[in-house]
Amino acid sequence: MTPALIVPDQSAWTMWGHEPAQLGLALAESPERARQLVVPDPVPAALAEAVRDAWSRMPAPRSYVAWPRAMDGVPAGELLGEEAGHGEEHGGDGEHGGDGEHGGDEEHGGHDMMAIVGDPSADGLVMEPIDFELGPLATGLPGGLVLGLSLDGDVVGRCAPRATLAMSLGPIAGGAYGDPLAPVAWTTAIAKALEHAGERAPSEATTRLRIAAVEAERALSHMCWLRGFGYVLGWAQLSEQAHDGVVALMAPRLRLQEAAARLEPAGPDRDGLLAQVAAAAGAVERVRRLLDGSRRLRARTRGRAEIPAERIAATAVGGPVARAAGLPRDARAADPAYSALDFTAATLEAGDAEARTLLRAAEAVSALELVRTALAQEGSPDAGRSNAPAEAVVEGPRGPVRAWHEGGRLRVGAPGQAELLELAGEAVLGLEVGRALAGLASFDLSGWAVSA
Amino acid sequence: MSAASPFAIVALALVGAMAVALLEQVVAGARPSPAGVARAALGTLRQPLAVPQVKDAWLYHGAPVLLLLGGVLALATVPWTPGFRGLDFSTGAILYSACLAYVTPAVLMAGWGAGRPLQVVGGFRFVALMLAYEMPIVMAVTAVAAPAESLRPAAIVEIQHAVPMALVQPLAFALFVPAVMAVAFIPPFDLPQAPGELGGGAFSAYTGVHAGIVSLAQKVLVLGAAGMTAALFLGGWHGPLLPDALWMALKTAAVAAAMLAAGRRLPRAELPWLLGAAWKYAVPAAILAIVWAGFVSLAVYQ
Amino acid sequence: MSGLGTALVFWPTAAIMLVTGLYVFRTSSMARAGLLLLASLGVEGLIFLALASEFLGVLQLLMMSGEMVIMVFFMVMFMADPGGLMGMDMTHDKRRSAAAAVGVAVALALLALLTDWPAATLSGEAPDVRAIGFEVMGRSMFTFLFAGMTILFAIVGGIMLAAQGGRLGIAAPGDDGVAVPPPGRAGQHVPPPGGEEGHAMHGAEPAR
C-alpha cells in the first residue's frame, strides 16, 4: 500500500465512486510520509496553495495522480507541473503559518528579558498562545475545513472552523449538484421541488427508489465518517471494520444512485442488488455491535464536545447532531412515504460525541433496513400518485436539504450547516488538543459550503 | 562481555526490527512479507534529506541518533540466553530503565527541533507523560529484583526457574507492560505522533535517513520491551524440551505480538486521562507491588 | 577497571563535561541549554561507572534525563524567548558571578588535591549496591524519609493549587473549580521601555 496524500480527503473520493484503498493507496500521516499525491483535476481554488505546499514537502521520489472531476479550479498540471522544483517551504498544508507561533515575537530589541503582558490564562500565569490555522488538507480533518486555532499550551483557547470549498449549485457535467459529499440528497430535493412546482407527483415506485438511494448514501456517508473517526481516535479496529462496510456499500449505492437518476426501477438484477445490500448490512451491523456499549468508545467520547439541547434548539441545526441531543428534528418523520416503510426517528439524549457516534451507527443500520424494505416492495411500478409532502425537504446524512422556488429561481440550501460550524468550535473550547480534535471529528463537518 | 558482543547486539537489533515489522503485518491481517518491509525501508532511506526550515538544526538532527542509541543500549541489557547476556551489568535492570529514559529527550528534541506547533505539542506531550511511566517501570523492576536479591537481569531470570514472576507478582507485570509500551510510543500510546490528531506530530518532519532511523529505533524499543518483559516476568529462557534461545525467542515474539495486537484494538489513550491514571493509580499500585514483593521475598524465596 | 582504563574514561569524559557545561551559557536557546546540561551531567554517569560505582552511575544516567527535561519544560514555559532566536545573553551580573565561580572552583580544586582520599581497588559484584542499601535503610533512613515526604507533599499540593478551575478556566468533568471566562488573546510580547533595536525575525534563522 502506497502512502498517499489524498486531496480533499479519502471520504470525498469514496462518495465520488473511487475508493483509494482499493487502488492500493493508504493514508499518509503527513506530506513527508507520502509517496503519491491524489488530486482532483482541476484543483479547487481554495486548495491550490495548500496543495502546492504539500507537494513541496513531499520527498522524492514522488508522483501525483490527477483524477478528473467536474469542478472549478486550477488545472492540476498547471499547479504541480514543475516536477523536481524547489517549492516554497513556507507554511504547509498542515499548519499555515510556521509564523503563527511567533505571533507576538516581531520587532523586539536586544534586551535580554522581555515582558509578556496580557491577561493571565486561567492558571494565573500570563502565557503566549499559539495561533495557527489547521487545514485545509490536515489529516484527521474533513478536506477543505480550516480551523483557526489558538492554543494555550495544548489546550484549545479558541477554535473557529470554516468551510473553504464552494459547492456549485448549478448542474455540471455528470449531473452533480450541490454537495459533493451528499449528491443524491441534493438532486432528490431539487427533483421534488421541480415536481412540486410543476404540480406533478412522482409514482410510488419512483419515490421508493429515491428513498432507497438516499438511505444508501446515508449509510455510506456514515461508514466513511466512522472510518475517519476511527483514524482520528487511533482505533485501527474501528477503522478496519468501517472500511469493510464502506467497500461493501459502494457497489449497491452506485447502482441505486444511477437507477434513481434515471427514474427507472432497479433493473433486471434486483436480487443481486438485494444480496449486495444484505452483505453490506452485515458489515454495518458488525460495526454497530463493536460500538454499542463499548467501553473503549465511552472512554474516548462520553462527555466530550457536549452541546446542550437548548443551545441547538436556538439554531436551525438538524441532522444527527440535533438528534443526538434529544431534538427530534428529522425531515423523514414528516414524509408519508417513509411512514409507509415503517420508519421511526431515533434520538439519543446525551448530546456528546458518544451519542453522535452511536446514533450514526444505528442510523446506518436502519438506513439499510429501509433500503431493503423499499426495494422489496417495489413490485408495483407506477401504482398511481402518492401524496407529495408540503415542501421539498430531504434528510441528508448531515442534516436536511431544502429546495424551494424564490423569485422564479430554484434555490437549494442546507439550513443549519453554517451554525453547526460555530457550535462545533464552541464545543471544543477548553479541551486538550487531542480531545478537541476528536470532539470536532464527532460532528461530521463538511468542508463544502454553499457560496454566497 | 566479549569483544564480539557489540556486533552481535547490532545484528540482533536489525534482525529483530525486521521481525517486529513482520509481526506488525501479521497483526494487521496482511501476509508477512520481508521483501515488502525491505522495499519500504529502502524506499525511505533513499529519500533525500529535505531539511525544512527547522527551528533548531542541532536538535533536529540529533534526535533520531539519541533515540536509536537509547533503544540499542536498552536492547543490550536484555539477557537472551545464559551464554549471550549482552551488557551483563550487575545493575542491569536499572540500566535498562536509564537507557529508556533517553527516549524522552530524544522525542522532545525531535518536536522542538522541527518547530511547528503540532510537532512541538507532540514532543511536549511525551515530556508530560515521561514521569508517568518511568516510575512504574523502575518500581516494577524493583519489585522483581527484590526476590532475586540482585539487579542483574540474568539473576532475575535464574530465580524464575520454577515459577514465572508474572504469576507471583501480577501487579508488577500489569504495570510494567503498558509502561514499556508507552515508552516505545506504540499504539495505543502513540501520543507523540498521533496520526489523525497531530498529523505525525513530533516525527512528522523527518524524511529519508532520519525517518528510517526513527522507525528502526521504535522497532528496537519494542523488541527490547518484549525481551525484557519475557526475561523479567515470563521466565526468560526457562522451559522444558526446547533450547534456551528458542524459548526466549518464542516468549519475546508472543509478548511483542500481544503488544501490537492490543494497539490495533484500543483507541489511543488521551493525554489527560493517561496522566491522571498514571499519577493517581499506577504509582500507588507500584508502591503496593513493592510491598507485595517484600512479602513474597520473605515468605517464599527465603 | 584497570588504572589505564579508568583514566581513559575519566579524562575525556571530564573534558566533555566541562565543554558542554560551558556551552550551556554560550547558547541562548532554552532547549539547547537544558539539553547541553543533560549531556554534561549524564556523561558524568560514565565516570561513576569507570570508578566502579555502578549503582550511582546508572542512577545518574537515569535521573539526569528526567530532571533536565523537566527543567527545559519550565524554562520554555517561563522564559520570553525559549528558541533563542533573539540572541539573548544568558549570563547576568557578570563580575560578581565570575568572581564567585572562580572562588568556588579554586576551593574545590584545593579540596580535591589536598585531601587524602582513601584508595582501594574494587572488584566483583558491585559492592556499592549493598553498601548503599544498608546506608539508606540504616543511618540515612530518616533523611530520605523526610526528604521523600516533603517532595511528595510539594508535588501534590502544587497540583491541587494549580488544578482549580480546569485548564482554561472551563471546568472539565471531574473538576470542582470555579469557571473563569476564557481570556481573549492571553499573552503578548511587549518590548521593554527604552532600547528597541533589531527587527522581525520570521523564524528563518536557526538558533545559535
# chains A, B, ... in the order shown; residues from 1 in each chain; ligands from 1
$ residues_around --residues "stretch 242-258 of chain B" --least-positions-apart "3" --cutoff "12 Å" --atoms "only C-alpha atoms" --output "PyMOL selection string"
chain B and resi 12+16-17+19-28+78-85+157+161+164+173+177-178+180-181+184+186-187+219-239+261-265
$ residues_around --residues "A:Ala374" --least-positions-apart "5" --cutoff "8 Å" --atoms "only C-alpha atoms" --output "mmCIF file with C-alpha atoms, in the first residue's frame"
data_model
loop_
_atom_site.group_PDB
_atom_site.id
_atom_site.type_symbol
_atom_site.label_atom_id
_atom_site.label_comp_id
_atom_site.auth_asym_id
_atom_site.auth_seq_id
_atom_site.Cartn_x
_atom_site.Cartn_y
_atom_site.Cartn_z
ATOM 1 C CA ARG A 208 -39.347 4.300 -3.089
ATOM 2 C CA LEU A 209 -36.363 4.209 -5.401
ATOM 3 C CA ILE A 211 -35.710 6.691 -0.673
ATOM 4 C CA ALA A 212 -33.515 3.682 -1.271
ATOM 5 C CA LEU A 341 -41.926 1.908 5.188
#
$ select_by_dssp --residues "stretch 27-120 of chain C" --states "alpha helix (DSSP H)" --output "number ranges by chain"
C: 30-50, 54-78, 94-114
$ residues_around --residues "A:Ala197" --least-positions-apart "2" --cutoff "12 Å" --atoms "only C-alpha atoms" --output "list in words"
Ile190, Ala191, Lys192, Ala193, Leu194, Glu195, Glu199, Arg200, Ala201, Ala388, Ala390, Glu391, Ala392, Ala403, Trp404, His405, Glu406, Gly408, Arg409 and Leu410 of chain A
$ closest_residue --among "C:Asp81, C:Asp93, C:Glu135, C:Asp128" --to "C:Ser53" --atoms "only C-alpha atoms"
C:Asp128
$ closest_residue --among "C:Gly21, C:Thr91, C:Val43, C:Met30" --to "C:Val9" --atoms "only C-alpha atoms"
C:Val43
$ interface_residues --of "chain B" --to "chain A" --cutoff "9 Å" --atoms "only C-alpha atoms" --output "PyMOL selection string"
chain B and resi 28+43-44+46-50+52-53+115-118+121+125+187-188+190-191+194-201+204-208+211+263-272
$ residues_around --residues "A:Ala280" --least-positions-apart "6" --cutoff "12 Å" --atoms "only C-alpha atoms" --output "NGL selection string"
:A and (216 or 219-220 or 223 or 241-253 or 273-274 or 286-287 or 364-365 or 367-369 or 371-372)
$ atom_distance --atom1 "atom CA of A:Gly81" --atom2 "atom CA of A:Ile6"
17.6 Å
$ atom_distance --atom1 "atom CA of C:Leu37" --atom2 "atom CA of C:Ala7"
23.0 Å
$ atom_distance --atom1 "atom CA of B:Leu129" --atom2 "atom CA of C:Val58"
21.5 Å
$ closest_residue --among "A:Ala26, A:Leu47, A:Gly17, A:Asp53" --to "A:Arg255" --atoms "only C-alpha atoms"
A:Gly17
$ residues_around --residues "B:Val138" --least-positions-apart "2" --cutoff "9 Å" --atoms "only C-alpha atoms" --output "list of chain:residue names"
B:Ala93, B:Ile94, B:Ser97, B:Tyr133, B:Glu134, B:Met135, B:Pro136, B:Ala140, B:Val141, B:Thr142, B:Ala143, B:Phe176
$ write_last_selection --atoms "N, CA and C atoms" --output "PDB file, in the first residue's frame"
ATOM      1  N   ALA B  93      19.123  -4.126  35.393  1.00  0.00           N
ATOM      2  CA  ALA B  93      17.704  -3.803  35.296  1.00  0.00           C
ATOM      3  C   ALA B  93      17.478  -2.308  35.391  1.00  0.00           C
ATOM      4  N   ILE B  94      18.256  -1.642  36.263  1.00  0.00           N
ATOM      5  CA  ILE B  94      18.132  -0.186  36.347  1.00  0.00           C
ATOM      6  C   ILE B  94      18.760   0.462  35.118  1.00  0.00           C
ATOM      7  N   SER B  97      16.182   0.811  32.496  1.00  0.00           N
ATOM      8  CA  SER B  97      15.338   1.991  32.662  1.00  0.00           C
ATOM      9  C   SER B  97      16.089   3.258  32.298  1.00  0.00           C
ATOM     10  N   TYR B 133       5.300   7.125  33.368  1.00  0.00           N
ATOM     11  CA  TYR B 133       5.592   5.705  33.241  1.00  0.00           C
ATOM     12  C   TYR B 133       7.011   5.338  33.620  1.00  0.00           C
ATOM     13  N   GLU B 134       7.890   6.292  33.790  1.00  0.00           N
ATOM     14  CA  GLU B 134       9.217   5.924  34.258  1.00  0.00           C
ATOM     15  C   GLU B 134       9.131   5.333  35.644  1.00  0.00           C
ATOM     16  N   MET B 135       8.273   5.929  36.490  1.00  0.00           N
ATOM     17  CA  MET B 135       8.187   5.423  37.855  1.00  0.00           C
ATOM     18  C   MET B 135       7.609   4.030  37.922  1.00  0.00           C
ATOM     19  N   PRO B 136       6.498   3.746  37.243  1.00  0.00           N
ATOM     20  CA  PRO B 136       6.045   2.345  37.281  1.00  0.00           C
ATOM     21  C   PRO B 136       7.091   1.364  36.751  1.00  0.00           C
ATOM     22  N   ALA B 140       8.401  -1.440  39.186  1.00  0.00           N
ATOM     23  CA  ALA B 140       8.113  -2.836  38.851  1.00  0.00           C
ATOM     24  C   ALA B 140       9.417  -3.632  38.788  1.00  0.00           C
ATOM     25  N   VAL B 141      10.457  -3.003  38.243  1.00  0.00           N
ATOM     26  CA  VAL B 141      11.752  -3.673  38.195  1.00  0.00           C
ATOM     27  C   VAL B 141      12.260  -3.937  39.605  1.00  0.00           C
ATOM     28  N   THR B 142      12.087  -2.960  40.476  1.00  0.00           N
ATOM     29  CA  THR B 142      12.488  -3.164  41.874  1.00  0.00           C
ATOM     30  C   THR B 142      11.717  -4.324  42.481  1.00  0.00           C
ATOM     31  N   ALA B 143      10.445  -4.407  42.128  1.00  0.00           N
ATOM     32  CA  ALA B 143       9.619  -5.453  42.721  1.00  0.00           C
ATOM     33  C   ALA B 143      10.093  -6.835  42.306  1.00  0.00           C
ATOM     34  N   PHE B 176       4.136  -3.048  34.385  1.00  0.00           N
ATOM     35  CA  PHE B 176       5.332  -2.956  33.548  1.00  0.00           C
ATOM     36  C   PHE B 176       4.982  -2.939  32.068  1.00  0.00           C
TER      37      PHE B 176
END
$ interface_residues --of "chain B" --to "chain C" --cutoff "9 Å" --atoms "only C-alpha atoms" --output "ChimeraX atom specification"
/B:53-59,89-92,94-95,97-102,104-105,108-109,112,124,127-128,130-131,134
$ closest_residue --among "A:Gly318, A:Gly416, A:Gly178, A:Pro129" --to "chain C" --atoms "only C-alpha atoms"
A:Pro129
$ residues_around --residues "B:Ala286" --least-positions-apart "2" --cutoff "7 Å" --atoms "only C-alpha atoms" --output "count of residues only"
10
$ residues_around --residues "A:Ala362" --least-positions-apart "3" --cutoff "9 Å" --atoms "only C-alpha atoms" --output "NGL selection string"
:A and (285 or 288 or 292 or 346 or 357-359 or 365-367)
